[in-house]
$ cat coords.tsv   # TSV, C-alpha atoms
chain	number	residue	atom	x	y	z
J	176	MET	CA	40.74	-13.74	10.07
J	177	PRO	CA	38.96	-12.47	6.93
J	178	GLU	CA	37.49	-8.97	6.95
J	179	SER	CA	33.92	-8.75	8.15
J	180	ASN	CA	31.26	-8.41	5.47
J	181	LEU	CA	29.52	-5.86	7.73
J	182	THR	CA	30.50	-2.27	6.99
J	183	THR	CA	29.50	1.33	7.60
J	184	LEU	CA	29.50	4.24	5.18
J	185	CYS	CA	28.86	7.85	6.13
J	186	TYR	CA	28.24	11.00	4.15
J	187	ILE	CA	29.24	13.90	6.36
J	188	GLU	CA	27.42	17.05	5.29
J	189	ARG	CA	28.50	20.69	5.62
J	190	ASP	CA	27.29	23.76	3.68
J	191	GLY	CA	25.55	21.73	0.95
J	192	LYS	CA	28.60	19.50	0.46
J	193	TYR	CA	29.48	15.91	1.35
J	194	LEU	CA	32.92	14.86	2.53
J	195	MET	CA	34.06	12.39	-0.13
J	196	MET	CA	37.11	10.16	-0.35
J	197	HIS	CA	38.85	9.60	-3.69
J	198	ARG	CA	40.29	6.09	-3.32
J	199	VAL	CA	43.70	6.50	-4.95
J	200	LYS	CA	46.23	5.45	-2.29
J	201	LYS	CA	45.99	1.65	-2.05
J	202	GLU	CA	47.17	-0.69	-4.82
J	203	LYS	CA	44.69	-3.49	-4.07
J	204	ASP	CA	41.42	-1.71	-3.46
J	205	ILE	CA	37.95	-2.79	-4.54
J	206	ASN	CA	37.10	0.94	-4.70
J	207	LYS	CA	40.26	2.00	-6.58
J	208	ASP	CA	39.79	5.37	-8.34
J	209	LYS	CA	36.17	5.63	-7.12
J	210	TRP	CA	34.77	8.39	-4.89
J	211	ILE	CA	33.01	7.12	-1.77
J	212	GLY	CA	32.01	8.33	1.68
J	213	VAL	CA	33.99	7.39	4.78
J	214	GLY	CA	33.61	4.20	6.77
J	215	GLY	CA	34.80	0.64	6.83
J	216	HIS	CA	34.57	-2.89	8.18
J	217	PHE	CA	33.23	-3.81	11.60
J	218	GLU	CA	35.72	-5.08	14.16
J	219	PRO	CA	34.65	-8.02	16.39
J	220	ASP	CA	31.73	-7.22	18.69
J	221	GLU	CA	31.23	-3.65	17.39
J	222	SER	CA	27.77	-2.19	16.92
J	223	PRO	CA	27.08	-0.22	13.73
J	224	ASP	CA	27.38	3.08	15.65
J	225	GLU	CA	30.69	2.05	17.25
J	226	CYS	CA	32.09	1.06	13.85
J	227	LEU	CA	30.90	4.32	12.30
J	228	LEU	CA	32.44	6.52	14.99
J	229	ARG	CA	35.76	4.62	14.97
J	230	GLU	CA	36.08	4.56	11.17
J	231	VAL	CA	35.21	8.25	10.75
J	232	LYS	CA	37.78	9.18	13.44
J	233	GLU	CA	40.48	6.94	11.87
J	234	GLU	CA	39.91	8.15	8.30
J	235	THR	CA	39.21	11.86	8.89
J	236	GLY	CA	40.29	12.82	12.42
J	237	LEU	CA	36.72	14.07	13.01
J	238	THR	CA	34.41	13.08	15.87
J	239	LEU	CA	30.76	12.89	14.84
J	240	THR	CA	28.35	14.65	17.21
J	241	SER	CA	25.13	14.28	15.16
J	242	TYR	CA	24.42	11.38	12.80
J	243	ARG	CA	21.55	9.21	11.54
J	244	PHE	CA	21.35	5.58	10.42
J	245	ARG	CA	19.57	6.01	7.08
J	246	GLY	CA	19.54	2.63	5.39
J	247	LEU	CA	20.90	-0.86	4.93
J	248	ILE	CA	22.56	-1.57	1.60
J	249	THR	CA	23.13	-5.18	0.52
J	250	PHE	CA	25.84	-5.55	-2.13
J	251	ILE	CA	25.96	-8.75	-4.17
J	252	SER	CA	28.85	-9.24	-6.58
J	253	ASP	CA	30.52	-11.83	-8.75
J	254	ARG	CA	33.92	-10.52	-7.51
J	255	TRP	CA	33.64	-10.32	-3.70
J	256	GLN	CA	31.65	-11.67	-0.78
J	257	THR	CA	28.21	-10.24	-0.08
J	258	GLU	CA	28.50	-7.03	1.93
J	259	TYR	CA	25.93	-5.51	4.28
J	260	MET	CA	26.54	-1.77	4.64
J	261	CYS	CA	24.98	0.46	7.27
J	262	LEU	CA	24.49	3.82	5.56
J	263	TYR	CA	24.66	6.98	7.66
J	264	THR	CA	24.56	10.72	7.20
J	265	ALA	CA	26.08	13.17	9.66
J	266	ASP	CA	25.60	16.91	10.03
J	267	ALA	CA	27.74	17.86	13.02
J	268	PHE	CA	31.27	17.00	14.08
J	269	GLY	CA	34.26	18.27	16.01
J	270	GLY	CA	38.00	18.04	15.68
J	271	GLU	CA	40.49	18.80	12.95
J	272	MET	CA	40.49	16.94	9.65
J	273	CYS	CA	43.62	14.91	9.01
J	274	ALA	CA	45.11	13.19	5.94
J	275	CYS	CA	43.77	9.72	5.18
J	276	ASP	CA	45.96	6.78	4.16
J	277	GLU	CA	43.17	5.25	2.05
J	278	GLY	CA	42.40	8.19	-0.21
J	279	THR	CA	42.16	11.95	-0.66
J	280	LEU	CA	39.41	13.70	1.31
J	281	GLU	CA	37.51	16.52	-0.36
J	282	TRP	CA	34.30	18.48	0.30
J	283	VAL	CA	32.16	18.10	-2.84
J	284	GLU	CA	29.01	20.09	-3.68
J	285	LYS	CA	26.02	17.73	-3.69
J	286	SER	CA	25.08	19.11	-7.13
J	287	LYS	CA	28.45	17.91	-8.49
J	288	LEU	CA	28.38	14.34	-7.12
J	289	LYS	CA	27.16	12.90	-10.42
J	290	GLU	CA	30.32	14.21	-12.12
J	291	LEU	CA	32.50	11.93	-9.97
J	292	ASN	CA	33.60	8.36	-10.70
J	293	LEU	CA	31.05	6.59	-8.47
J	294	TRP	CA	29.67	3.08	-8.28
J	295	GLU	CA	26.40	3.01	-10.27
J	296	GLY	CA	24.35	2.11	-7.20
J	297	ASP	CA	25.69	5.12	-5.29
J	298	TYR	CA	23.57	7.36	-7.54
J	299	LEU	CA	20.50	5.48	-6.27
J	300	PHE	CA	21.26	5.96	-2.61
J	301	PHE	CA	22.27	9.62	-3.04
J	302	ASP	CA	18.81	10.11	-4.54
J	303	LEU	CA	17.19	8.25	-1.63
J	304	LEU	CA	19.13	10.30	0.93
J	305	GLU	CA	17.81	13.50	-0.65
J	306	LYS	CA	14.19	12.41	-1.15
J	307	ARG	CA	13.42	10.17	1.83
J	308	GLU	CA	13.47	10.73	5.55
J	309	ASP	CA	12.53	7.17	6.48
J	310	PHE	CA	14.85	4.16	6.78
J	311	PHE	CA	15.27	2.12	3.60
J	312	SER	CA	16.71	-1.20	2.47
J	313	LEU	CA	18.45	-1.33	-0.90
J	314	LYS	CA	19.90	-4.44	-2.55
J	315	LEU	CA	22.40	-3.86	-5.38
J	316	VAL	CA	23.64	-6.69	-7.60
J	317	TYR	CA	26.86	-6.16	-9.57
J	318	LYS	CA	28.61	-8.07	-12.30
J	319	GLY	CA	32.08	-6.54	-12.33
J	320	ASP	CA	31.60	-2.77	-12.13
J	321	ARG	CA	28.16	-2.97	-13.78
J	322	LEU	CA	24.94	-2.69	-11.78
J	323	MET	CA	22.65	-5.51	-12.90
J	324	ASP	CA	19.77	-5.33	-10.44
J	325	ALA	CA	18.42	-3.06	-7.70
J	326	VAL	CA	15.68	-3.82	-5.17
J	327	LEU	CA	14.33	-1.09	-2.88
J	328	ASP	CA	12.32	-2.12	0.18
J	329	GLY	CA	11.57	-5.47	-1.47
J	330	LYS	CA	10.51	-4.04	-4.87
J	331	LYS	CA	12.62	-4.30	-8.00
J	332	ILE	CA	13.52	-0.81	-9.32
J	333	PHE	CA	16.24	-1.59	-11.86

$ encode --input "coords.tsv" --output "structure tokens"
Amino acid sequence: MPESNLTTLCYIERDGKYLMMHRVKKEKDINKDKWIGVGGHFEPDESPDECLLREVKEETGLTLTSYRFRGLITFISDRWQTEYMCLYTADAFGGEMCACDEGTLEWVEKSKLKELNLWEGDYLFFDLLEKREDFFSLKLVYKGDRLMDAVLDGKKIF
């Protein structure tokens, strides 16, 4: 069965930093060498919250105790199927962090995020996470690694 095109992504926050994953461990990885949050593909019959909690636990060893569903990101690409990503932030968790088999986990100062190798659209949603409290919908259209179009809440912004 092909992987679901429904995913979650979470930025776990602590002391002005986000927990980021540097995707360097898998040979075939759409995110190879990029820095991303933690999350992954829905399993059959999972809700977004169930997927989020399972993926965060699998990738980090942490159990989220306070999190918010912040936005829906629609990724369109000429290289992969359309992906619908449920974007979360979290500010409380328990447990001990463990090693991840998908990448290297590191706490990164929010002020230093723009120095990392990110997808272009990630800069847009980091900005939205900082400036907006309300739920948003963001559509990002890529050709290869290049962001070609961005639509926020139905209005073209890029």

$ residues_around --input "coords.tsv" --residues "segment 211-217 of chain J" --least-positions-apart "6" --cutoff "6 Å" --atoms "only C-alpha atoms" --output "PyMOL selection string"
chain J and resi 179+181-186+195-196+226+230-231

$ closest_residue --input "coords.tsv" --among "J:Tyr259, J:Phe333, J:Thr279, J:Ile248" --to "Lys314 of chain J" --atoms "all atoms listed in the file"
J:Ile248

$ residues_around --input "coords.tsv" --residues "Gly246 of chain J" --least-positions-apart "4" --cutoff "10 Å" --atoms "all atoms listed in the file" --output "PyMOL selection string"
chain J and resi 260-264+300+303-304+309-313

$ write_last_selection --input "coords.tsv" --atoms "C-alpha atoms" --output "PDB file, in the frame of the given file"
ATOM      1  CA  MET J 260      26.540  -1.770   4.640  1.00  0.00           C
ATOM      2  CA  CYS J 261      24.980   0.460   7.270  1.00  0.00           C
ATOM      3  CA  LEU J 262      24.490   3.820   5.560  1.00  0.00           C
ATOM      4  CA  TYR J 263      24.660   6.980   7.660  1.00  0.00           C
ATOM      5  CA  THR J 264      24.560  10.720   7.200  1.00  0.00           C
ATOM      6  CA  PHE J 300      21.260   5.960  -2.610  1.00  0.00           C
ATOM      7  CA  LEU J 303      17.190   8.250  -1.630  1.00  0.00           C
ATOM      8  CA  LEU J 304      19.130  10.300   0.930  1.00  0.00           C
ATOM      9  CA  ASP J 309      12.530   7.170   6.480  1.00  0.00           C
ATOM     10  CA  PHE J 310      14.850   4.160   6.780  1.00  0.00           C
ATOM     11  CA  PHE J 311      15.270   2.120   3.600  1.00  0.00           C
ATOM     12  CA  SER J 312      16.710  -1.200   2.470  1.00  0.00           C
ATOM     13  CA  LEU J 313      18.450  -1.330  -0.900  1.00  0.00           C
TER      14      LEU J 313
END

$ atom_distance --input "coords.tsv" --atom1 "atom CA of Ser286 of chain J" --atom2 "atom CA of Ala265 of chain J"
17.8 Å

$ atom_distance --input "coords.tsv" --atom1 "atom CA of Ser222 of chain J" --atom2 "atom CA of Ile187 of chain J"
19.3 Å

$ residues_around --input "coords.tsv" --residues "Thr240 of chain J" --least-positions-apart "4" --cutoff "9 Å" --atoms "only C-alpha atoms" --output "PDB file with C-alpha atoms, in the frame of the given file"
ATOM      1  CA  ALA J 265      26.080  13.170   9.660  1.00  0.00           C
ATOM      2  CA  ASP J 266      25.600  16.910  10.030  1.00  0.00           C
ATOM      3  CA  ALA J 267      27.740  17.860  13.020  1.00  0.00           C
ATOM      4  CA  PHE J 268      31.270  17.000  14.080  1.00  0.00           C
ATOM      5  CA  GLY J 269      34.260  18.270  16.010  1.00  0.00           C
TER       6      GLY J 269
END

$ atom_distance --input "coords.tsv" --atom1 "atom CA of Lys318 of chain J" --atom2 "atom CA of Lys287 of chain J"
26.3 Å

$ closest_residue --input "coords.tsv" --among "J:Lys232, J:Asn180, J:Lys285, J:Asp220" --to "Glu258 of chain J" --atoms "all atoms listed in the file"
J:Asn180

$ closest_residue --input "coords.tsv" --among "J:Leu227, J:Ala274, J:Leu315, J:Leu280" --to "Tyr242 of chain J" --atoms "all atoms listed in the file"
J:Leu227

$ axis_aligned_box --input "coords.tsv" --around "segment 238-256 of chain J" --padding-each-side "4 Å" --output "lines of an AutoDock Vina configuration file"
center_x = 27.0
center_y = 1.4
center_z = 4.2
size_x = 22.9
size_y = 34.5
size_z = 34.0

$ closest_residue --input "coords.tsv" --among "J:Glu178, J:Glu221, J:Ile332, J:Thr235" --to "Glu281 of chain J" --atoms "all atoms listed in the file"
J:Thr235

$ closest_residue --input "coords.tsv" --among "J:Leu247, J:Leu299, J:Leu194, J:Leu239" --to "Ala325 of chain J" --atoms "only C-alpha atoms"
J:Leu299

$ closest_residue --input "coords.tsv" --among "J:Lys209, J:Lys192, J:Arg254, J:Lys331" --to "Asp297 of chain J" --atoms "all atoms listed in the file"
J:Lys209
